[in-house]
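Down below is the structure, laid out as structure tokens.
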Amino acid sequence: MDAVTLLTTTRSVRRKLDLERPVPKTVLEDCLRIAQQAPAAGSLLAAQRWVVVLDPAMRKEIAAVTRDAAEESWRKYGHLVDKRMLDSARYLVEHLDQVPALVLPCMPGPVPTGTAELSAYYGSIYPAIWSFQLALRTHGLASSLCSYHLGGREADVARILGIPEDVTQIGLLAVAYSAQQEFSPAVRPPVGDILSFDGWAKQ
Ligand SMILES: Cc1cc2nc3c(=O)[nH]c(=O)nc-3n(C[C@H](O)[C@H](O)[C@H](O)COP(=O)(O)O)c2cc1C
């Protein structure tokens, strides 16, 4: 697959995850090795840690926490989300315990507060997360972020996995082989609506 196709058609896959086929550790290791080539703020280049959950009992516990947190999130923000996306998010949450691999990228310490520090903190892990998702696609896998537990239930997942208190979970990725290989570019704002040259766009 050429780079433009990979970049424009890698979607958040929730309904088309193959819940039956196990994901080999070696594939996840290879994708993470690729993802480690992503940029990060100099001092944070080696800071990230990733936890992969394959154990069915642990996945079940995490799925239960996620379900509670997602219900809470949808009560608050559900009205802001497109119905099709919400239905698909609900499907994934309801099947999360069956998703073969749950992947939690983590960063050290508490989330910083200053704008520059905050930018460097999340900016030093999200490029790797996206590279990981792209790398998965090249192996025929798919993924979706499903991070509802961060809305107040992070400590419950930390307890299940033994993640130390001074570590921040950045998200939760549901990872599986993809039951669909071909995807289309999504509808996004036209570049002309979001770009200006030589200064802020005048409407
Ligand atoms: C920081 C971040 C957090 C996200 N969290 C969730 C989530 O908790 N649940 C979910 O269903 N999708 C989540 N997503 C996926 C977005 O909903 C998805 O990217 C968006 O719907 C666009 O769809 P696409 O990725 O297929 O283009 C998240 C994406 C990002 C970048």
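Each chain of the structure tokens is named A, B, ... in the order shown, its residues numbered from 1; ligands are numbered from 1 in display order.
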Could you report the residues within 7 Å of ligand 1, using only C-alpha atoms and all ligand atoms, as a list in words?
->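 Every residue with an atom at most 7 Å from ligand 1 is listed here: Thr10, Arg11, Ser12, Val13, Met85, Ala89, Ser144, Leu145, Cys146, Ser147, Tyr148 and Ala186 of chain A.
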All residues 9 Å or closer to Lys25 (chain A), only C-alpha atoms, same chain fewer than 3 positions away omitted, as JSON, numbers by chain = {"A": [28, 29, 30, 52, 54]}
Which residues come within 10 Å of Leu136 (chain A), counting only C-alpha atoms, excluding same-chain residues fewer than 4 positions away, as a PDB file with N, CA, C and O atoms, in the first residue's frame?
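That gives us selection-v5.pdb:
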ATOM      1  N   THR A  10      -6.625   4.936   6.689  1.00  0.00           N
ATOM      2  CA  THR A  10      -6.559   4.216   7.967  1.00  0.00           C
ATOM      3  C   THR A  10      -7.603   4.824   8.902  1.00  0.00           C
ATOM      4  O   THR A  10      -7.486   5.996   9.293  1.00  0.00           O
ATOM      5  N   VAL A  27       3.835  -9.529  16.321  1.00  0.00           N
ATOM      6  CA  VAL A  27       3.291  -8.480  15.441  1.00  0.00           C
ATOM      7  C   VAL A  27       3.206  -7.165  16.215  1.00  0.00           C
ATOM      8  O   VAL A  27       3.582  -6.097  15.711  1.00  0.00           O
ATOM      9  N   LEU A  28       2.740  -7.252  17.445  1.00  0.00           N
ATOM     10  CA  LEU A  28       2.621  -6.037  18.271  1.00  0.00           C
ATOM     11  C   LEU A  28       4.011  -5.450  18.537  1.00  0.00           C
ATOM     12  O   LEU A  28       4.201  -4.233  18.488  1.00  0.00           O
ATOM     13  N   ASP A  30       6.626  -5.737  16.624  1.00  0.00           N
ATOM     14  CA  ASP A  30       7.144  -5.142  15.383  1.00  0.00           C
ATOM     15  C   ASP A  30       6.505  -3.771  15.149  1.00  0.00           C
ATOM     16  O   ASP A  30       7.190  -2.808  14.774  1.00  0.00           O
ATOM     17  N   CYS A  31       5.202  -3.668  15.381  1.00  0.00           N
ATOM     18  CA  CYS A  31       4.509  -2.380  15.175  1.00  0.00           C
ATOM     19  C   CYS A  31       5.019  -1.333  16.161  1.00  0.00           C
ATOM     20  O   CYS A  31       5.167  -0.152  15.817  1.00  0.00           O
ATOM     21  N   LEU A  32       5.307  -1.754  17.379  1.00  0.00           N
ATOM     22  CA  LEU A  32       5.819  -0.796  18.362  1.00  0.00           C
ATOM     23  C   LEU A  32       7.243  -0.368  18.018  1.00  0.00           C
ATOM     24  O   LEU A  32       7.608   0.800  18.185  1.00  0.00           O
ATOM     25  N   ILE A  34       8.366  -0.019  15.035  1.00  0.00           N
ATOM     26  CA  ILE A  34       8.188   0.982  13.974  1.00  0.00           C
ATOM     27  C   ILE A  34       7.725   2.302  14.601  1.00  0.00           C
ATOM     28  O   ILE A  34       8.233   3.382  14.270  1.00  0.00           O
ATOM     29  N   ALA A  35       6.777   2.218  15.517  1.00  0.00           N
ATOM     30  CA  ALA A  35       6.202   3.428  16.129  1.00  0.00           C
ATOM     31  C   ALA A  35       7.231   4.221  16.933  1.00  0.00           C
ATOM     32  O   ALA A  35       7.087   5.434  17.120  1.00  0.00           O
ATOM     33  N   TRP A 130      -0.176   7.072  16.635  1.00  0.00           N
ATOM     34  CA  TRP A 130      -0.676   7.049  15.253  1.00  0.00           C
ATOM     35  C   TRP A 130       0.222   6.173  14.376  1.00  0.00           C
ATOM     36  O   TRP A 130      -0.269   5.387  13.562  1.00  0.00           O
ATOM     37  N   SER A 131       1.538   6.262  14.568  1.00  0.00           N
ATOM     38  CA  SER A 131       2.433   5.383  13.801  1.00  0.00           C
ATOM     39  C   SER A 131       2.135   3.915  14.104  1.00  0.00           C
ATOM     40  O   SER A 131       2.178   3.063  13.207  1.00  0.00           O
ATOM     41  N   PHE A 132       1.858   3.633  15.362  1.00  0.00           N
ATOM     42  CA  PHE A 132       1.512   2.261  15.757  1.00  0.00           C
ATOM     43  C   PHE A 132       0.253   1.810  15.017  1.00  0.00           C
ATOM     44  O   PHE A 132       0.189   0.698  14.481  1.00  0.00           O
ATOM     45  N   GLY A 140      -2.344  -5.924   8.363  1.00  0.00           N
ATOM     46  CA  GLY A 140      -3.710  -6.428   8.219  1.00  0.00           C
ATOM     47  C   GLY A 140      -4.533  -6.303   9.483  1.00  0.00           C
ATOM     48  O   GLY A 140      -5.607  -6.902   9.602  1.00  0.00           O
ATOM     49  N   LEU A 141      -4.022  -5.513  10.453  1.00  0.00           N
ATOM     50  CA  LEU A 141      -4.787  -5.304  11.681  1.00  0.00           C
ATOM     51  C   LEU A 141      -5.471  -3.942  11.647  1.00  0.00           C
ATOM     52  O   LEU A 141      -5.186  -3.101  10.780  1.00  0.00           O
ATOM     53  N   ALA A 142      -6.354  -3.717  12.605  1.00  0.00           N
ATOM     54  CA  ALA A 142      -7.038  -2.433  12.714  1.00  0.00           C
ATOM     55  C   ALA A 142      -7.122  -2.073  14.190  1.00  0.00           C
ATOM     56  O   ALA A 142      -6.867  -2.910  15.065  1.00  0.00           O
ATOM     57  N   SER A 143      -7.483  -0.821  14.458  1.00  0.00           N
ATOM     58  CA  SER A 143      -7.515  -0.377  15.853  1.00  0.00           C
ATOM     59  C   SER A 143      -8.456   0.809  16.001  1.00  0.00           C
ATOM     60  O   SER A 143      -8.838   1.440  15.015  1.00  0.00           O
ATOM     61  N   VAL A 175      -7.239  -3.441  19.607  1.00  0.00           N
ATOM     62  CA  VAL A 175      -6.440  -3.902  18.455  1.00  0.00           C
ATOM     63  C   VAL A 175      -6.845  -5.329  18.070  1.00  0.00           C
ATOM     64  O   VAL A 175      -6.941  -6.203  18.938  1.00  0.00           O
ATOM     65  N   ALA A 176      -7.058  -5.527  16.772  1.00  0.00           N
ATOM     66  CA  ALA A 176      -7.428  -6.865  16.285  1.00  0.00           C
ATOM     67  C   ALA A 176      -7.108  -6.966  14.800  1.00  0.00           C
ATOM     68  O   ALA A 176      -6.881  -5.938  14.148  1.00  0.00           O
ATOM     69  N   TYR A 177      -7.118  -8.180  14.270  1.00  0.00           N
ATOM     70  CA  TYR A 177      -7.079  -8.307  12.814  1.00  0.00           C
ATOM     71  C   TYR A 177      -8.345  -7.672  12.258  1.00  0.00           C
ATOM     72  O   TYR A 177      -9.392  -7.674  12.906  1.00  0.00           O
ATOM     73  N   SER A 178      -8.220  -7.117  11.057  1.00  0.00           N
ATOM     74  CA  SER A 178      -9.343  -6.408  10.468  1.00  0.00           C
ATOM     75  C   SER A 178     -10.153  -7.336   9.582  1.00  0.00           C
ATOM     76  O   SER A 178      -9.585  -8.028   8.735  1.00  0.00           O
TER      77      SER A 178
END
Between A:Ala3, A:Arg67, A:Ile125, A:Pro100, which is the closest to Trp50 (chain A) once you count only C-alpha atoms?
->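 Smallest separation from Trp50 (chain A) among the options: A:Ile125.
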Provide the CA of Ala64 (chain A) to CA of Asp97 (chain A) distance in Å, to one decimal place.
-> 8.0 Å
State, in Å with one decimal place, the distance from CA of Glu182 (chain A) to CA of Gln36 (chain A).
-> 26.1 Å
Those of region 20-70 of chain A in DSSP alpha helix (DSSP H), formatted as a PyMOL selection string | chain A and resi 25-35+56-70
State, in Å with one decimal place, the distance from CA of Met58 (chain A) to CA of Leu102 (chain A).
-> 9.7 Å
Could you check which of A:Met1, A:Ala38, A:Ala158, A:Ala70 is closest to Glu94 (chain A), using only C-alpha atoms?
->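 Result for the nearest residue to Glu94 (chain A): A:Ala70.
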Might you pull out every residue within 12 Å of Gly192 (chain A), with only C-alpha atoms counted and same-chain residues fewer than 4 positions away left off, and present them as a PDB file with N, CA, C and O atoms, in the first residue's frame?
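New file out08.pdb:
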ATOM      1  N   ARG A 188     -13.692  15.286   5.623  1.00  0.00           N
ATOM      2  CA  ARG A 188     -13.012  16.213   6.522  1.00  0.00           C
ATOM      3  C   ARG A 188     -13.184  17.624   5.957  1.00  0.00           C
ATOM      4  O   ARG A 188     -13.514  17.775   4.779  1.00  0.00           O
ATOM      5  N   SER A 196      -4.673  29.223   6.032  1.00  0.00           N
ATOM      6  CA  SER A 196      -4.415  30.552   5.467  1.00  0.00           C
ATOM      7  C   SER A 196      -2.907  30.728   5.355  1.00  0.00           C
ATOM      8  O   SER A 196      -2.148  30.128   6.115  1.00  0.00           O
ATOM      9  N   PHE A 197      -2.500  31.514   4.391  1.00  0.00           N
ATOM     10  CA  PHE A 197      -1.080  31.807   4.196  1.00  0.00           C
ATOM     11  C   PHE A 197      -0.788  33.233   4.661  1.00  0.00           C
ATOM     12  O   PHE A 197      -1.613  34.131   4.506  1.00  0.00           O
ATOM     13  N   ALA A 201      -6.635  33.796   8.557  1.00  0.00           N
ATOM     14  CA  ALA A 201      -7.605  34.034   7.468  1.00  0.00           C
ATOM     15  C   ALA A 201      -8.607  35.093   7.864  1.00  0.00           C
ATOM     16  O   ALA A 201      -9.148  35.060   8.969  1.00  0.00           O
ATOM     17  N   GLN A 203     -12.309  36.406   7.248  1.00  0.00           N
ATOM     18  CA  GLN A 203     -13.547  35.817   6.686  1.00  0.00           C
ATOM     19  C   GLN A 203     -14.229  36.812   5.757  1.00  0.00           C
ATOM     20  O   GLN A 203     -14.241  37.981   5.996  1.00  0.00           O
TER      21      GLN A 203
END
Lys60 (chain A) proximity check over A:Arg21, A:His95, A:His79, A:Arg153, using only C-alpha atoms: winner is A:His95
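Near region 115-120 of chain A, within 12 Å and counting only C-alpha atoms, sit Pro39, Ala40, Ala41, Gly42, Ser43, Leu44, Leu45, Ala47, Met107, Pro110, Val111, Pro112, Gly123, Ser124, Ile125, Tyr126 and Pro127 of chain A, not including residues fewer than 3 positions from it in the same chain.
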N, CA, C and O atoms of the current selection, written as a PDB file, in the first residue's frame:
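What follows is the written file out-v8.pdb:
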ATOM      1  N   PRO A  39       8.515  11.091  16.088  1.00  0.00           N
ATOM      2  CA  PRO A  39       9.197  12.164  16.822  1.00  0.00           C
ATOM      3  C   PRO A  39       8.658  12.321  18.238  1.00  0.00           C
ATOM      4  O   PRO A  39       7.513  11.981  18.528  1.00  0.00           O
ATOM      5  N   ALA A  40       9.528  12.844  19.121  1.00  0.00           N
ATOM      6  CA  ALA A  40       9.133  13.159  20.499  1.00  0.00           C
ATOM      7  C   ALA A  40      10.033  14.293  20.965  1.00  0.00           C
ATOM      8  O   ALA A  40      11.149  14.440  20.449  1.00  0.00           O
ATOM      9  N   ALA A  41       9.554  15.070  21.922  1.00  0.00           N
ATOM     10  CA  ALA A  41      10.386  16.145  22.482  1.00  0.00           C
ATOM     11  C   ALA A  41      11.663  15.506  23.033  1.00  0.00           C
ATOM     12  O   ALA A  41      11.595  14.457  23.687  1.00  0.00           O
ATOM     13  N   GLY A  42      12.814  16.154  22.777  1.00  0.00           N
ATOM     14  CA  GLY A  42      14.119  15.561  23.082  1.00  0.00           C
ATOM     15  C   GLY A  42      14.205  14.849  24.415  1.00  0.00           C
ATOM     16  O   GLY A  42      14.599  13.681  24.486  1.00  0.00           O
ATOM     17  N   SER A  43      13.773  15.523  25.486  1.00  0.00           N
ATOM     18  CA  SER A  43      13.929  14.946  26.826  1.00  0.00           C
ATOM     19  C   SER A  43      12.960  13.780  27.045  1.00  0.00           C
ATOM     20  O   SER A  43      13.101  13.033  28.010  1.00  0.00           O
ATOM     21  N   LEU A  44      11.968  13.651  26.165  1.00  0.00           N
ATOM     22  CA  LEU A  44      10.941  12.618  26.359  1.00  0.00           C
ATOM     23  C   LEU A  44      11.053  11.481  25.342  1.00  0.00           C
ATOM     24  O   LEU A  44      10.166  10.644  25.242  1.00  0.00           O
ATOM     25  N   LEU A  45      12.191  11.454  24.625  1.00  0.00           N
ATOM     26  CA  LEU A  45      12.348  10.455  23.550  1.00  0.00           C
ATOM     27  C   LEU A  45      12.227   9.016  24.047  1.00  0.00           C
ATOM     28  O   LEU A  45      11.718   8.157  23.353  1.00  0.00           O
ATOM     29  N   ALA A  47      10.745   8.194  27.053  1.00  0.00           N
ATOM     30  CA  ALA A  47       9.904   8.227  28.259  1.00  0.00           C
ATOM     31  C   ALA A  47       8.715   7.273  28.204  1.00  0.00           C
ATOM     32  O   ALA A  47       8.272   6.764  29.225  1.00  0.00           O
ATOM     33  N   MET A 107       2.795   7.467  29.904  1.00  0.00           N
ATOM     34  CA  MET A 107       3.891   8.433  30.059  1.00  0.00           C
ATOM     35  C   MET A 107       4.208   8.576  31.541  1.00  0.00           C
ATOM     36  O   MET A 107       3.347   8.345  32.387  1.00  0.00           O
ATOM     37  N   PRO A 110       2.814  12.928  36.485  1.00  0.00           N
ATOM     38  CA  PRO A 110       1.503  13.535  36.271  1.00  0.00           C
ATOM     39  C   PRO A 110       1.506  14.373  34.989  1.00  0.00           C
ATOM     40  O   PRO A 110       2.570  14.777  34.514  1.00  0.00           O
ATOM     41  N   VAL A 111       0.324  14.645  34.456  1.00  0.00           N
ATOM     42  CA  VAL A 111       0.214  15.501  33.268  1.00  0.00           C
ATOM     43  C   VAL A 111       0.661  16.907  33.659  1.00  0.00           C
ATOM     44  O   VAL A 111       0.165  17.461  34.646  1.00  0.00           O
ATOM     45  N   PRO A 112       1.614  17.495  32.922  1.00  0.00           N
ATOM     46  CA  PRO A 112       2.083  18.832  33.300  1.00  0.00           C
ATOM     47  C   PRO A 112       1.014  19.903  33.030  1.00  0.00           C
ATOM     48  O   PRO A 112       0.045  19.640  32.317  1.00  0.00           O
ATOM     49  N   GLY A 123       2.450  15.545  22.878  1.00  0.00           N
ATOM     50  CA  GLY A 123       3.075  15.525  21.555  1.00  0.00           C
ATOM     51  C   GLY A 123       4.215  14.531  21.456  1.00  0.00           C
ATOM     52  O   GLY A 123       4.713  14.250  20.362  1.00  0.00           O
ATOM     53  N   SER A 124       4.644  13.990  22.577  1.00  0.00           N
ATOM     54  CA  SER A 124       5.720  12.997  22.559  1.00  0.00           C
ATOM     55  C   SER A 124       5.195  11.575  22.594  1.00  0.00           C
ATOM     56  O   SER A 124       5.978  10.626  22.648  1.00  0.00           O
ATOM     57  N   ILE A 125       3.887  11.413  22.579  1.00  0.00           N
ATOM     58  CA  ILE A 125       3.332  10.059  22.556  1.00  0.00           C
ATOM     59  C   ILE A 125       2.325   9.885  21.423  1.00  0.00           C
ATOM     60  O   ILE A 125       2.283   8.821  20.794  1.00  0.00           O
ATOM     61  N   TYR A 126       1.552  10.925  21.082  1.00  0.00           N
ATOM     62  CA  TYR A 126       0.536  10.722  20.039  1.00  0.00           C
ATOM     63  C   TYR A 126       1.118  10.429  18.664  1.00  0.00           C
ATOM     64  O   TYR A 126       0.539   9.614  17.919  1.00  0.00           O
ATOM     65  N   PRO A 127       2.251  11.027  18.272  1.00  0.00           N
ATOM     66  CA  PRO A 127       2.821  10.603  16.983  1.00  0.00           C
ATOM     67  C   PRO A 127       3.117   9.095  16.971  1.00  0.00           C
ATOM     68  O   PRO A 127       2.864   8.413  15.979  1.00  0.00           O
TER      69      PRO A 127
END
If you count only C-alpha atoms, the residue of A:Phe183, A:His139, A:Gln37, A:Pro108 closest to Glu165 (chain A) turns out to be A:Pro108
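Across A:Pro185, A:Pro22, A:Gly78, A:Pro164, the tightest approach to Thr9 (chain A) is made by A:Pro185 when counting only C-alpha atoms.
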Just the residues within 12 Å of Asp87 (chain A), please, counting only C-alpha atoms, with nothing from its chain fewer than 4 positions along; format it as a PyMOL selection string.
-> chain A and resi 14-15+74+78+81-83+91-94
Give me every strand (DSSP E or B) residue in region 55-192 of chain A, going by DSSP on the backbone, as a list in words.
->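 Listing strand (DSSP E or B) positions across region 55-192 of chain A yields Ala101, Leu102, Val103, Leu104, Pro105, Cys106, Met107, Pro108, Leu141, Ala142, Ser143, Ser144, Leu145, Val167, Thr168, Gln169, Leu173, Ala174, Val175, Ala176, Tyr177 and Ser178 of chain A.
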Go through A:Val23, A:Val187, A:Leu86, A:Leu195 and flag the residue nearest Thr8 (chain A), using only C-alpha atoms for the distances.
->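 So, comparing all the options, the nearest one is A:Val187.
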Find the residues around Arg49 (chain A) up to 10 Å (only C-alpha atoms counted), leave out those fewer than 3 positions away in its own chain, and share them as an mmCIF file with all heavy atoms, in the first residue's frame.
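Listed below is the output, result-v8.cif:
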data_model
loop_
_atom_site.group_PDB
_atom_site.id
_atom_site.type_symbol
_atom_site.label_atom_id
_atom_site.label_comp_id
_atom_site.auth_asym_id
_atom_site.auth_seq_id
_atom_site.Cartn_x
_atom_site.Cartn_y
_atom_site.Cartn_z
ATOM 1 N N ALA A 46 12.692 8.773 25.271
ATOM 2 C CA ALA A 46 12.669 7.390 25.787
ATOM 3 C C ALA A 46 11.689 7.245 26.947
ATOM 4 O O ALA A 46 11.774 6.299 27.718
ATOM 5 C CB ALA A 46 14.069 6.985 26.228
ATOM 6 N N LEU A 104 -2.210 -0.030 25.986
ATOM 7 C CA LEU A 104 -2.239 1.237 26.738
ATOM 8 C C LEU A 104 -0.881 1.929 26.673
ATOM 9 O O LEU A 104 0.058 1.526 27.369
ATOM 10 C CB LEU A 104 -2.617 0.977 28.197
ATOM 11 C CG LEU A 104 -4.040 0.480 28.394
ATOM 12 C CD1 LEU A 104 -4.044 -0.986 28.739
ATOM 13 C CD2 LEU A 104 -4.753 1.290 29.462
ATOM 14 N N PRO A 105 -0.761 2.983 25.858
ATOM 15 C CA PRO A 105 0.445 3.798 25.892
ATOM 16 C C PRO A 105 0.437 4.648 27.171
ATOM 17 O O PRO A 105 -0.609 5.183 27.557
ATOM 18 C CB PRO A 105 0.332 4.689 24.655
ATOM 19 C CG PRO A 105 -1.001 4.414 24.051
ATOM 20 C CD PRO A 105 -1.746 3.450 24.886
ATOM 21 N N CYS A 106 1.590 4.763 27.798
ATOM 22 C CA CYS A 106 1.696 5.484 29.068
ATOM 23 C C CYS A 106 2.868 6.457 29.036
ATOM 24 O O CYS A 106 3.816 6.272 28.272
ATOM 25 C CB CYS A 106 1.919 4.511 30.223
ATOM 26 S SG CYS A 106 0.599 3.302 30.435
ATOM 27 N N MET A 107 2.795 7.467 29.904
ATOM 28 C CA MET A 107 3.891 8.433 30.059
ATOM 29 C C MET A 107 4.208 8.576 31.541
ATOM 30 O O MET A 107 3.347 8.345 32.387
ATOM 31 C CB MET A 107 3.485 9.790 29.476
ATOM 32 C CG MET A 107 3.436 9.818 27.961
ATOM 33 S SD MET A 107 5.079 9.781 27.212
ATOM 34 C CE MET A 107 5.533 11.518 27.284
ATOM 35 N N PRO A 108 5.459 8.963 31.861
ATOM 36 C CA PRO A 108 5.828 9.078 33.272
ATOM 37 C C PRO A 108 5.218 10.323 33.902
ATOM 38 O O PRO A 108 5.020 11.337 33.221
ATOM 39 C CB PRO A 108 7.353 9.216 33.201
ATOM 40 C CG PRO A 108 7.613 9.824 31.872
ATOM 41 C CD PRO A 108 6.549 9.320 30.955
ATOM 42 N N ILE A 125 3.887 11.413 22.579
ATOM 43 C CA ILE A 125 3.332 10.059 22.556
ATOM 44 C C ILE A 125 2.325 9.885 21.423
ATOM 45 O O ILE A 125 2.283 8.821 20.794
ATOM 46 C CB ILE A 125 2.729 9.674 23.949
ATOM 47 C CG1 ILE A 125 2.180 8.250 23.959
ATOM 48 C CG2 ILE A 125 1.676 10.641 24.414
ATOM 49 C CD1 ILE A 125 3.195 7.191 24.180
ATOM 50 N N VAL A 167 2.492 6.999 37.032
ATOM 51 C CA VAL A 167 2.466 6.823 35.567
ATOM 52 C C VAL A 167 1.085 7.258 35.048
ATOM 53 O O VAL A 167 0.065 6.912 35.640
ATOM 54 C CB VAL A 167 2.754 5.349 35.190
ATOM 55 C CG1 VAL A 167 2.438 5.074 33.731
ATOM 56 C CG2 VAL A 167 4.212 5.008 35.507
ATOM 57 N N THR A 168 1.087 8.023 33.956
ATOM 58 C CA THR A 168 -0.175 8.478 33.353
ATOM 59 C C THR A 168 -0.500 7.633 32.129
ATOM 60 O O THR A 168 0.334 7.484 31.231
ATOM 61 C CB THR A 168 -0.052 9.962 32.927
ATOM 62 O OG1 THR A 168 0.145 10.753 34.096
ATOM 63 C CG2 THR A 168 -1.304 10.440 32.212
ATOM 64 N N GLN A 169 -1.708 7.086 32.121
ATOM 65 C CA GLN A 169 -2.175 6.369 30.929
ATOM 66 C C GLN A 169 -2.660 7.404 29.916
ATOM 67 O O GLN A 169 -3.413 8.318 30.253
ATOM 68 C CB GLN A 169 -3.330 5.438 31.287
ATOM 69 C CG GLN A 169 -2.957 4.357 32.281
ATOM 70 C CD GLN A 169 -4.184 3.737 32.923
ATOM 71 O OE1 GLN A 169 -5.098 3.309 32.236
ATOM 72 N NE2 GLN A 169 -4.201 3.684 34.245
#
